[in-house]
>>> print(open('query.csv').read())   # CSV, C-alpha atoms
chain,number,residue,atom,x,y,z
O,495,MET,CA,0.0,0.0,0.0
O,496,LYS,CA,1.5,3.3,-1.1
O,497,ASN,CA,1.0,6.6,0.8
O,498,ILE,CA,-0.3,9.7,-0.8
O,499,VAL,CA,0.0,13.1,0.9
O,500,ILE,CA,-2.2,15.8,-0.4
O,501,PHE,CA,-1.2,19.5,-0.1
O,502,ALA,CA,-4.1,21.9,-0.5
O,503,SER,CA,-5.1,25.4,0.4
O,504,GLY,CA,-8.8,25.7,-0.3
O,505,ALA,CA,-12.1,23.9,-0.4
O,506,GLY,CA,-10.6,20.5,-1.3
O,507,SER,CA,-12.8,19.3,-4.1
O,508,ASN,CA,-9.9,17.6,-5.9
O,509,ALA,CA,-8.6,16.2,-2.6
O,510,GLN,CA,-12.1,14.7,-2.0
O,511,LYS,CA,-12.1,13.1,-5.5
O,512,ILE,CA,-8.7,11.5,-4.8
O,513,ILE,CA,-9.8,10.3,-1.4
O,514,ASP,CA,-12.9,8.8,-2.9
O,515,HIS,CA,-10.9,7.2,-5.7
O,516,PHE,CA,-8.6,5.4,-3.3
O,517,ARG,CA,-11.2,4.7,-0.6
O,518,ASN,CA,-11.3,0.9,-1.2
O,519,SER,CA,-8.0,0.5,-3.0
O,520,ASP,CA,-5.3,-1.9,-2.1
O,521,LYS,CA,-2.8,0.2,-4.2
O,522,GLY,CA,-2.7,3.4,-2.3
O,523,ARG,CA,-4.3,5.6,0.3
O,524,VAL,CA,-4.4,9.2,1.3
O,525,ALA,CA,-2.3,9.1,4.4
O,526,MET,CA,-2.2,12.8,5.3
O,527,ILE,CA,-3.5,16.2,4.3
O,528,VAL,CA,-1.1,19.2,4.5
O,529,CYS,CA,-2.7,22.7,4.5
O,530,ASN,CA,-1.3,26.2,4.8
O,531,LYS,CA,-4.5,28.0,5.5
O,532,PRO,CA,-6.4,27.8,8.8
O,533,GLY,CA,-10.1,27.3,8.2
O,534,ALA,CA,-9.7,25.8,4.7
O,535,GLY,CA,-12.4,23.4,3.6
O,536,VAL,CA,-9.9,20.7,3.0
O,537,LEU,CA,-9.3,20.5,6.7
O,538,ASP,CA,-13.0,19.7,7.2
O,539,ILE,CA,-12.7,17.0,4.6
O,540,ALA,CA,-9.7,15.5,6.4
O,541,GLN,CA,-11.6,15.5,9.7
O,542,ARG,CA,-14.7,13.9,8.2
O,543,GLU,CA,-12.6,11.3,6.4
O,544,GLY,CA,-10.5,10.5,9.5
O,545,ILE,CA,-7.3,11.5,7.7
O,546,PRO,CA,-4.6,13.1,9.7
O,547,ALA,CA,-4.1,16.8,8.8
O,548,VAL,CA,-1.1,19.1,9.4
O,549,LEU,CA,-1.4,22.9,9.3
O,550,ILE,CA,2.0,24.1,8.2
O,551,GLU,CA,3.9,27.2,9.3
O,552,LYS,CA,5.4,29.4,6.6
O,553,GLU,CA,8.8,30.0,8.2
O,554,LYS,CA,9.3,26.3,9.0
O,555,PHE,CA,8.1,25.3,5.5
O,556,PHE,CA,10.5,27.6,3.6
O,557,HIS,CA,13.5,27.7,6.0
O,558,THR,CA,13.8,24.3,7.7
O,559,ASP,CA,13.6,20.6,6.9
O,560,THR,CA,10.8,20.1,9.5
O,561,TYR,CA,8.2,19.0,6.9
O,562,VAL,CA,10.7,17.1,4.8
O,563,GLN,CA,11.4,14.9,7.9
O,564,LEU,CA,7.6,14.6,8.7
O,565,LEU,CA,6.9,13.4,5.1
O,566,LYS,CA,9.7,10.9,5.3
O,567,GLU,CA,8.5,9.6,8.6
O,568,GLN,CA,5.1,9.1,7.0
O,569,ARG,CA,6.7,7.0,4.3
O,570,THR,CA,5.3,9.3,1.6
O,571,ASP,CA,5.4,7.8,-1.8
O,572,LEU,CA,3.7,10.6,-3.7
O,573,ILE,CA,2.9,14.3,-2.9
O,574,VAL,CA,-0.1,15.7,-4.7
O,575,LEU,CA,-0.6,19.4,-4.9
O,576,ALA,CA,-4.4,20.0,-5.2
O,577,GLY,CA,-4.9,23.7,-5.1
O,578,PHE,CA,-1.8,24.4,-2.9
O,579,LEU,CA,-0.9,28.0,-3.4
O,580,TRP,CA,2.7,28.2,-2.0
O,581,LYS,CA,5.7,27.5,-4.2
O,582,VAL,CA,7.3,24.2,-3.1
O,583,PRO,CA,10.8,24.9,-1.6
O,584,ALA,CA,13.8,23.4,-3.3
O,585,ASN,CA,14.7,21.2,-0.2
O,586,LEU,CA,11.3,19.4,-0.5
O,587,VAL,CA,11.6,19.0,-4.3
O,588,GLN,CA,15.0,17.5,-3.9
O,589,ALA,CA,13.9,15.2,-1.1
O,590,PHE,CA,11.1,13.8,-3.3
O,591,PRO,CA,12.4,13.8,-6.9
O,592,ASN,CA,9.6,13.0,-9.4
O,593,GLN,CA,7.3,12.3,-6.5
O,594,ILE,CA,5.5,15.6,-6.4
O,595,ILE,CA,2.7,16.4,-8.9
O,596,ASN,CA,0.5,19.4,-9.4
O,597,ILE,CA,-2.7,20.2,-11.3
O,598,HIS,CA,-3.0,23.6,-13.0
O,599,PRO,CA,-6.3,24.9,-14.3
O,600,ALA,CA,-4.9,25.9,-17.7
O,601,LEU,CA,-3.0,24.6,-20.7
O,602,LEU,CA,0.6,25.3,-19.6
O,603,PRO,CA,2.8,27.1,-20.5
O,604,LYS,CA,0.0,29.6,-21.0
O,605,TYR,CA,-1.5,31.2,-17.9
O,606,GLY,CA,1.0,29.7,-15.5
O,607,GLY,CA,3.4,31.2,-13.0
O,608,LYS,CA,3.2,33.2,-9.8
O,609,GLY,CA,-0.3,34.6,-9.1
O,610,MET,CA,-1.9,32.5,-11.8
O,611,TYR,CA,-4.3,30.3,-9.9
O,612,GLY,CA,-8.1,29.8,-9.7
O,613,HIS,CA,-10.3,32.6,-11.0
O,614,PHE,CA,-7.2,34.6,-12.1
O,615,VAL,CA,-6.5,32.0,-14.7
O,616,HIS,CA,-10.0,31.8,-15.9
O,617,GLU,CA,-10.4,35.6,-16.1
O,618,ALA,CA,-7.2,35.8,-18.2
O,619,VAL,CA,-8.3,33.0,-20.5
O,620,VAL,CA,-11.7,34.8,-21.2
O,621,ALA,CA,-10.1,38.2,-21.5
O,622,ALA,CA,-7.6,36.9,-24.1
O,623,GLY,CA,-10.4,35.4,-26.2
O,624,GLU,CA,-9.0,31.9,-26.0
O,625,THR,CA,-11.0,29.2,-27.8
O,626,GLU,CA,-9.9,26.5,-25.5
O,627,SER,CA,-8.6,25.9,-21.9
O,628,GLY,CA,-8.2,22.9,-19.8
O,629,ILE,CA,-5.9,21.3,-17.3
O,630,THR,CA,-2.2,20.4,-17.0
O,631,ILE,CA,-1.0,17.8,-14.6
O,632,HIS,CA,2.8,18.0,-14.2
O,633,PHE,CA,5.7,17.1,-12.1
O,634,VAL,CA,6.9,19.8,-9.7
O,635,ASN,CA,10.3,21.4,-9.8
O,636,GLU,CA,11.8,24.5,-8.2
O,637,LYS,CA,9.9,26.9,-10.5
O,638,TYR,CA,6.1,27.7,-10.6
O,639,ASP,CA,4.2,25.6,-13.1
O,640,ASP,CA,7.4,24.6,-14.9
O,641,GLY,CA,7.8,20.8,-14.3
O,642,GLU,CA,7.5,18.1,-17.0
O,643,PRO,CA,3.9,17.7,-18.2
O,644,ILE,CA,2.2,14.4,-17.5
O,645,LEU,CA,-1.2,15.1,-19.1
O,646,GLN,CA,-3.2,17.9,-20.7
O,647,GLU,CA,-6.9,17.7,-21.3
O,648,ARG,CA,-8.9,20.4,-23.1
O,649,CYS,CA,-12.3,22.0,-23.1
O,650,ILE,CA,-13.8,24.5,-25.5
O,651,VAL,CA,-14.2,28.1,-24.6
O,652,THR,CA,-17.0,29.9,-26.4
O,653,PRO,CA,-17.5,33.7,-26.8
O,654,GLU,CA,-20.4,33.3,-24.4
O,655,ASP,CA,-18.3,31.8,-21.7
O,656,THR,CA,-17.5,33.7,-18.5
O,657,PRO,CA,-14.7,33.0,-16.1
O,658,GLU,CA,-17.3,31.1,-13.9
O,659,THR,CA,-18.4,28.8,-16.8
O,660,VAL,CA,-14.8,28.2,-17.8
O,661,ALA,CA,-14.0,27.3,-14.2
O,662,ARG,CA,-16.9,24.7,-14.1
O,663,LYS,CA,-15.6,23.1,-17.4
O,664,VAL,CA,-12.0,23.0,-16.1
O,665,GLN,CA,-13.1,21.6,-12.7
O,666,ALA,CA,-15.0,18.8,-14.4
O,667,LEU,CA,-11.8,17.9,-16.2
O,668,GLU,CA,-9.8,18.0,-12.9
O,669,HIS,CA,-12.3,15.7,-11.2
O,670,GLN,CA,-12.3,13.3,-14.1
O,671,TRP,CA,-8.5,13.1,-14.6
O,672,PHE,CA,-6.6,13.9,-11.5
O,673,PRO,CA,-7.4,10.7,-9.5
O,674,VAL,CA,-6.6,8.6,-12.5
O,675,ILE,CA,-3.3,10.2,-13.1
O,676,VAL,CA,-2.4,10.1,-9.3
O,677,GLU,CA,-3.0,6.3,-9.5
O,678,ARG,CA,-0.9,6.0,-12.6
O,679,ILE,CA,2.1,7.9,-11.2
O,680,LEU,CA,1.8,6.1,-7.8
O,681,LEU,CA,2.0,2.7,-9.5
O,682,LYS,CA,5.0,3.5,-11.7
>>> encode(input="query.csv", output="structure tokens")
Amino acid sequence: MKNIVIFASGAGSNAQKIIDHFRNSDKGRVAMIVCNKPGAGVLDIAQREGIPAVLIEKEKFFHTDTYVQLLKEQRTDLIVLAGFLWKVPANLVQAFPNQIINIHPALLPKYGGKGMYGHFVHEAVVAAGETESGITIHFVNEKYDDGEPILQERCIVTPEDTPETVARKVQALEHQWFPVIVERILLK
């Protein structure tokens, strides 16, 4: 049984889909939720699902190996960023090479980088008159949204779409594909 640790900052809808996907699996399990935002919905999910949760401190995260050690003690096989809004520090990336994946709500390299998350991405896609958007699941390196792509899936953006309707289309792709790709990477 392999251990998945989910890092999230928000409501946790992708975390919930991954938890559901592995609920009765003998291949992997969500062993821990890591969050950087007190009161985030993902913490409620962790409590409801009986999954240990850790609320991380910014100074320790960026300037010590405290959380690297915690993740090693948990025998972490895969770290999944599911709406986690902090850049992952180099010491964590180096401690878990090719074991950290992220989902981004756009077709990278477009609309990636610092500050490009959630509604900011969808607003930019609509403002630019794009005809498609989608998701990119990728490995994490020391730069924002720069790691090797694993999967991109697309959805059509029409002139009638708003950032909210694009967000719904993109989230449907996230929920469909992220658990599947987590399992695929976990079993490599």
>>> closest_residue(input="query.csv", among="O:His616, O:Arg678, O:Arg542, O:Lys511", to="Ala661 of chain O", atoms="only C-alpha atoms")
O:His616
>>> atom_distance(input="query.csv", atom1="atom CA of Tyr605 of chain O", atom2="atom CA of Ala622 of chain O")
10.4 Å
>>> residues_near_point(input="query.csv", point="(-2.3, 17.6, -6.9)", cutoff="12 Å", atoms="all atoms listed in the file", output="compact mmCIF listing (two decimals) with C-alpha atoms, in the coordinates of the input")
# COMPACT_ATOMS: atom_id res chain seq x y z
CA ILE O 498 -0.30 9.70 -0.80
CA VAL O 499 0.00 13.10 0.90
CA ILE O 500 -2.20 15.80 -0.40
CA PHE O 501 -1.20 19.50 -0.10
CA ALA O 502 -4.10 21.90 -0.50
CA SER O 503 -5.10 25.40 0.40
CA GLY O 506 -10.60 20.50 -1.30
CA SER O 507 -12.80 19.30 -4.10
CA ASN O 508 -9.90 17.60 -5.90
CA ALA O 509 -8.60 16.20 -2.60
CA GLN O 510 -12.10 14.70 -2.00
CA LYS O 511 -12.10 13.10 -5.50
CA ILE O 512 -8.70 11.50 -4.80
CA ILE O 513 -9.80 10.30 -1.40
CA VAL O 524 -4.40 9.20 1.30
CA ILE O 527 -3.50 16.20 4.30
CA VAL O 528 -1.10 19.20 4.50
CA LEU O 572 3.70 10.60 -3.70
CA ILE O 573 2.90 14.30 -2.90
CA VAL O 574 -0.10 15.70 -4.70
CA LEU O 575 -0.60 19.40 -4.90
CA ALA O 576 -4.40 20.00 -5.20
CA GLY O 577 -4.90 23.70 -5.10
CA PHE O 578 -1.80 24.40 -2.90
CA LEU O 579 -0.90 28.00 -3.40
CA GLN O 593 7.30 12.30 -6.50
CA ILE O 594 5.50 15.60 -6.40
CA ILE O 595 2.70 16.40 -8.90
CA ASN O 596 0.50 19.40 -9.40
CA ILE O 597 -2.70 20.20 -11.30
CA HIS O 598 -3.00 23.60 -13.00
CA PRO O 599 -6.30 24.90 -14.30
CA ILE O 629 -5.90 21.30 -17.30
CA THR O 630 -2.20 20.40 -17.00
CA ILE O 631 -1.00 17.80 -14.60
CA HIS O 632 2.80 18.00 -14.20
CA PHE O 633 5.70 17.10 -12.10
CA VAL O 634 6.90 19.80 -9.70
CA ILE O 644 2.20 14.40 -17.50
CA GLU O 668 -9.80 18.00 -12.90
CA HIS O 669 -12.30 15.70 -11.20
CA TRP O 671 -8.50 13.10 -14.60
CA PHE O 672 -6.60 13.90 -11.50
CA PRO O 673 -7.40 10.70 -9.50
CA VAL O 674 -6.60 8.60 -12.50
CA ILE O 675 -3.30 10.20 -13.10
CA VAL O 676 -2.40 10.10 -9.30
CA GLU O 677 -3.00 6.30 -9.50
CA ILE O 679 2.10 7.90 -11.20
>>> closest_residue(input="query.csv", among="O:Ile550, O:Met526, O:Ala505, O:Ala600", to="Lys663 of chain O", atoms="only C-alpha atoms")
O:Ala600
>>> atom_distance(input="query.csv", atom1="atom CA of Thr570 of chain O", atom2="atom CA of Tyr611 of chain O")
25.8 Å
>>> atom_distance(input="query.csv", atom1="atom CA of Val651 of chain O", atom2="atom CA of Asp639 of chain O")
21.8 Å
>>> residues_around(input="query.csv", residues="Asn635 of chain O", least_positions_apart="5", cutoff="9 Å", atoms="only C-alpha atoms", output="list in words")
Val582, Pro583, Ala584, Val587, Gln588, Pro591, Asn592, Ile594, Asp640, Gly641 and Glu642 of chain O
>>> closest_residue(input="query.csv", among="O:Val664, O:Ile650, O:Ala534, O:Leu586", to="Val548 of chain O", atoms="all atoms listed in the file")
O:Ala534
>>> closest_residue(input="query.csv", among="O:Ala540, O:Gly612, O:Cys529, O:Asp655", to="Asp514 of chain O", atoms="only C-alpha atoms")
O:Ala540
>>> closest_residue(input="query.csv", among="O:Leu602, O:Cys649, O:Val620, O:Ala589", to="Tyr561 of chain O", atoms="all atoms listed in the file")
O:Ala589
>>> build_atoms(input="query.csv", residues="segment 643-669 of chain O", atoms="N, CA, C and O atoms", output="PDB file, keeping the file's coordinate frame")
ATOM      1  N   PRO O 643       5.310  18.053 -18.083  1.00  0.00           N
ATOM      2  CA  PRO O 643       3.900  17.700 -18.200  1.00  0.00           C
ATOM      3  C   PRO O 643       3.648  16.216 -18.168  1.00  0.00           C
ATOM      4  O   PRO O 643       4.423  15.460 -18.758  1.00  0.00           O
ATOM      5  N   ILE O 644       2.592  15.802 -17.511  1.00  0.00           N
ATOM      6  CA  ILE O 644       2.200  14.400 -17.500  1.00  0.00           C
ATOM      7  C   ILE O 644       0.955  14.225 -18.382  1.00  0.00           C
ATOM      8  O   ILE O 644       0.854  13.270 -19.139  1.00  0.00           O
ATOM      9  N   LEU O 645       0.007  15.183 -18.292  1.00  0.00           N
ATOM     10  CA  LEU O 645      -1.200  15.100 -19.100  1.00  0.00           C
ATOM     11  C   LEU O 645      -1.815  16.496 -19.249  1.00  0.00           C
ATOM     12  O   LEU O 645      -1.763  17.321 -18.333  1.00  0.00           O
ATOM     13  N   GLN O 646      -2.338  16.740 -20.439  1.00  0.00           N
ATOM     14  CA  GLN O 646      -3.200  17.900 -20.700  1.00  0.00           C
ATOM     15  C   GLN O 646      -4.472  17.457 -21.284  1.00  0.00           C
ATOM     16  O   GLN O 646      -4.490  16.604 -22.168  1.00  0.00           O
ATOM     17  N   GLU O 647      -5.554  18.004 -20.775  1.00  0.00           N
ATOM     18  CA  GLU O 647      -6.900  17.700 -21.300  1.00  0.00           C
ATOM     19  C   GLU O 647      -7.546  19.085 -21.578  1.00  0.00           C
ATOM     20  O   GLU O 647      -7.366  20.030 -20.815  1.00  0.00           O
ATOM     21  N   ARG O 648      -8.318  19.162 -22.660  1.00  0.00           N
ATOM     22  CA  ARG O 648      -8.900  20.400 -23.100  1.00  0.00           C
ATOM     23  C   ARG O 648     -10.384  20.497 -23.032  1.00  0.00           C
ATOM     24  O   ARG O 648     -11.063  19.479 -23.090  1.00  0.00           O
ATOM     25  N   CYS O 649     -10.862  21.733 -22.954  1.00  0.00           N
ATOM     26  CA  CYS O 649     -12.300  22.000 -23.100  1.00  0.00           C
ATOM     27  C   CYS O 649     -12.431  23.245 -23.976  1.00  0.00           C
ATOM     28  O   CYS O 649     -11.521  24.070 -24.064  1.00  0.00           O
ATOM     29  N   ILE O 650     -13.555  23.336 -24.635  1.00  0.00           N
ATOM     30  CA  ILE O 650     -13.800  24.500 -25.500  1.00  0.00           C
ATOM     31  C   ILE O 650     -14.250  25.672 -24.717  1.00  0.00           C
ATOM     32  O   ILE O 650     -14.999  25.550 -23.742  1.00  0.00           O
ATOM     33  N   VAL O 651     -13.775  26.823 -25.133  1.00  0.00           N
ATOM     34  CA  VAL O 651     -14.200  28.100 -24.600  1.00  0.00           C
ATOM     35  C   VAL O 651     -14.920  28.856 -25.670  1.00  0.00           C
ATOM     36  O   VAL O 651     -14.346  29.087 -26.740  1.00  0.00           O
ATOM     37  N   THR O 652     -16.178  29.210 -25.436  1.00  0.00           N
ATOM     38  CA  THR O 652     -17.000  29.900 -26.400  1.00  0.00           C
ATOM     39  C   THR O 652     -16.979  31.421 -26.118  1.00  0.00           C
ATOM     40  O   THR O 652     -16.686  31.815 -24.984  1.00  0.00           O
ATOM     41  N   PRO O 653     -17.363  32.252 -27.075  1.00  0.00           N
ATOM     42  CA  PRO O 653     -17.500  33.700 -26.800  1.00  0.00           C
ATOM     43  C   PRO O 653     -18.476  34.010 -25.683  1.00  0.00           C
ATOM     44  O   PRO O 653     -18.385  35.049 -25.042  1.00  0.00           O
ATOM     45  N   GLU O 654     -19.422  33.103 -25.450  1.00  0.00           N
ATOM     46  CA  GLU O 654     -20.400  33.300 -24.400  1.00  0.00           C
ATOM     47  C   GLU O 654     -19.917  32.947 -23.022  1.00  0.00           C
ATOM     48  O   GLU O 654     -20.539  33.289 -22.018  1.00  0.00           O
ATOM     49  N   ASP O 655     -18.826  32.229 -22.944  1.00  0.00           N
ATOM     50  CA  ASP O 655     -18.300  31.800 -21.700  1.00  0.00           C
ATOM     51  C   ASP O 655     -17.859  32.948 -20.791  1.00  0.00           C
ATOM     52  O   ASP O 655     -17.362  33.961 -21.283  1.00  0.00           O
ATOM     53  N   THR O 656     -18.026  32.765 -19.495  1.00  0.00           N
ATOM     54  CA  THR O 656     -17.500  33.700 -18.500  1.00  0.00           C
ATOM     55  C   THR O 656     -16.433  32.977 -17.703  1.00  0.00           C
ATOM     56  O   THR O 656     -16.294  31.746 -17.822  1.00  0.00           O
ATOM     57  N   PRO O 657     -15.685  33.691 -16.887  1.00  0.00           N
ATOM     58  CA  PRO O 657     -14.700  33.000 -16.100  1.00  0.00           C
ATOM     59  C   PRO O 657     -15.346  31.885 -15.202  1.00  0.00           C
ATOM     60  O   PRO O 657     -14.752  30.825 -15.006  1.00  0.00           O
ATOM     61  N   GLU O 658     -16.565  32.109 -14.752  1.00  0.00           N
ATOM     62  CA  GLU O 658     -17.300  31.100 -13.900  1.00  0.00           C
ATOM     63  C   GLU O 658     -17.610  29.857 -14.728  1.00  0.00           C
ATOM     64  O   GLU O 658     -17.478  28.736 -14.218  1.00  0.00           O
ATOM     65  N   THR O 659     -18.078  30.026 -15.966  1.00  0.00           N
ATOM     66  CA  THR O 659     -18.400  28.800 -16.800  1.00  0.00           C
ATOM     67  C   THR O 659     -17.167  28.092 -17.193  1.00  0.00           C
ATOM     68  O   THR O 659     -17.168  26.866 -17.242  1.00  0.00           O
ATOM     69  N   VAL O 660     -16.103  28.820 -17.476  1.00  0.00           N
ATOM     70  CA  VAL O 660     -14.800  28.200 -17.800  1.00  0.00           C
ATOM     71  C   VAL O 660     -14.334  27.390 -16.572  1.00  0.00           C
ATOM     72  O   VAL O 660     -13.877  26.248 -16.683  1.00  0.00           O
ATOM     73  N   ALA O 661     -14.465  27.989 -15.399  1.00  0.00           N
ATOM     74  CA  ALA O 661     -14.000  27.300 -14.200  1.00  0.00           C
ATOM     75  C   ALA O 661     -14.777  25.992 -13.982  1.00  0.00           C
ATOM     76  O   ALA O 661     -14.166  24.985 -13.601  1.00  0.00           O
ATOM     77  N   ARG O 662     -16.072  25.978 -14.261  1.00  0.00           N
ATOM     78  CA  ARG O 662     -16.900  24.700 -14.100  1.00  0.00           C
ATOM     79  C   ARG O 662     -16.382  23.674 -15.108  1.00  0.00           C
ATOM     80  O   ARG O 662     -16.274  22.498 -14.757  1.00  0.00           O
ATOM     81  N   LYS O 663     -16.115  24.086 -16.345  1.00  0.00           N
ATOM     82  CA  LYS O 663     -15.600  23.100 -17.400  1.00  0.00           C
ATOM     83  C   LYS O 663     -14.269  22.556 -16.944  1.00  0.00           C
ATOM     84  O   LYS O 663     -14.023  21.356 -17.071  1.00  0.00           O
ATOM     85  N   VAL O 664     -13.389  23.430 -16.472  1.00  0.00           N
ATOM     86  CA  VAL O 664     -12.000  23.000 -16.100  1.00  0.00           C
ATOM     87  C   VAL O 664     -12.122  22.100 -14.850  1.00  0.00           C
ATOM     88  O   VAL O 664     -11.448  21.069 -14.783  1.00  0.00           O
ATOM     89  N   GLN O 665     -12.963  22.458 -13.878  1.00  0.00           N
ATOM     90  CA  GLN O 665     -13.100  21.600 -12.700  1.00  0.00           C
ATOM     91  C   GLN O 665     -13.608  20.237 -13.018  1.00  0.00           C
ATOM     92  O   GLN O 665     -13.178  19.243 -12.421  1.00  0.00           O
ATOM     93  N   ALA O 666     -14.507  20.132 -13.986  1.00  0.00           N
ATOM     94  CA  ALA O 666     -15.000  18.800 -14.400  1.00  0.00           C
ATOM     95  C   ALA O 666     -13.847  17.960 -14.930  1.00  0.00           C
ATOM     96  O   ALA O 666     -13.757  16.763 -14.634  1.00  0.00           O
ATOM     97  N   LEU O 667     -12.949  18.580 -15.705  1.00  0.00           N
ATOM     98  CA  LEU O 667     -11.800  17.900 -16.200  1.00  0.00           C
ATOM     99  C   LEU O 667     -10.852  17.451 -15.036  1.00  0.00           C
ATOM    100  O   LEU O 667     -10.305  16.340 -15.022  1.00  0.00           O
ATOM    101  N   GLU O 668     -10.671  18.361 -14.087  1.00  0.00           N
ATOM    102  CA  GLU O 668      -9.800  18.000 -12.900  1.00  0.00           C
ATOM    103  C   GLU O 668     -10.359  16.822 -12.189  1.00  0.00           C
ATOM    104  O   GLU O 668      -9.611  15.884 -11.896  1.00  0.00           O
ATOM    105  N   HIS O 669     -11.652  16.825 -11.908  1.00  0.00           N
ATOM    106  CA  HIS O 669     -12.300  15.700 -11.200  1.00  0.00           C
ATOM    107  C   HIS O 669     -12.209  14.419 -11.919  1.00  0.00           C
ATOM    108  O   HIS O 669     -12.062  13.354 -11.315  1.00  0.00           O
TER     109      HIS O 669
END
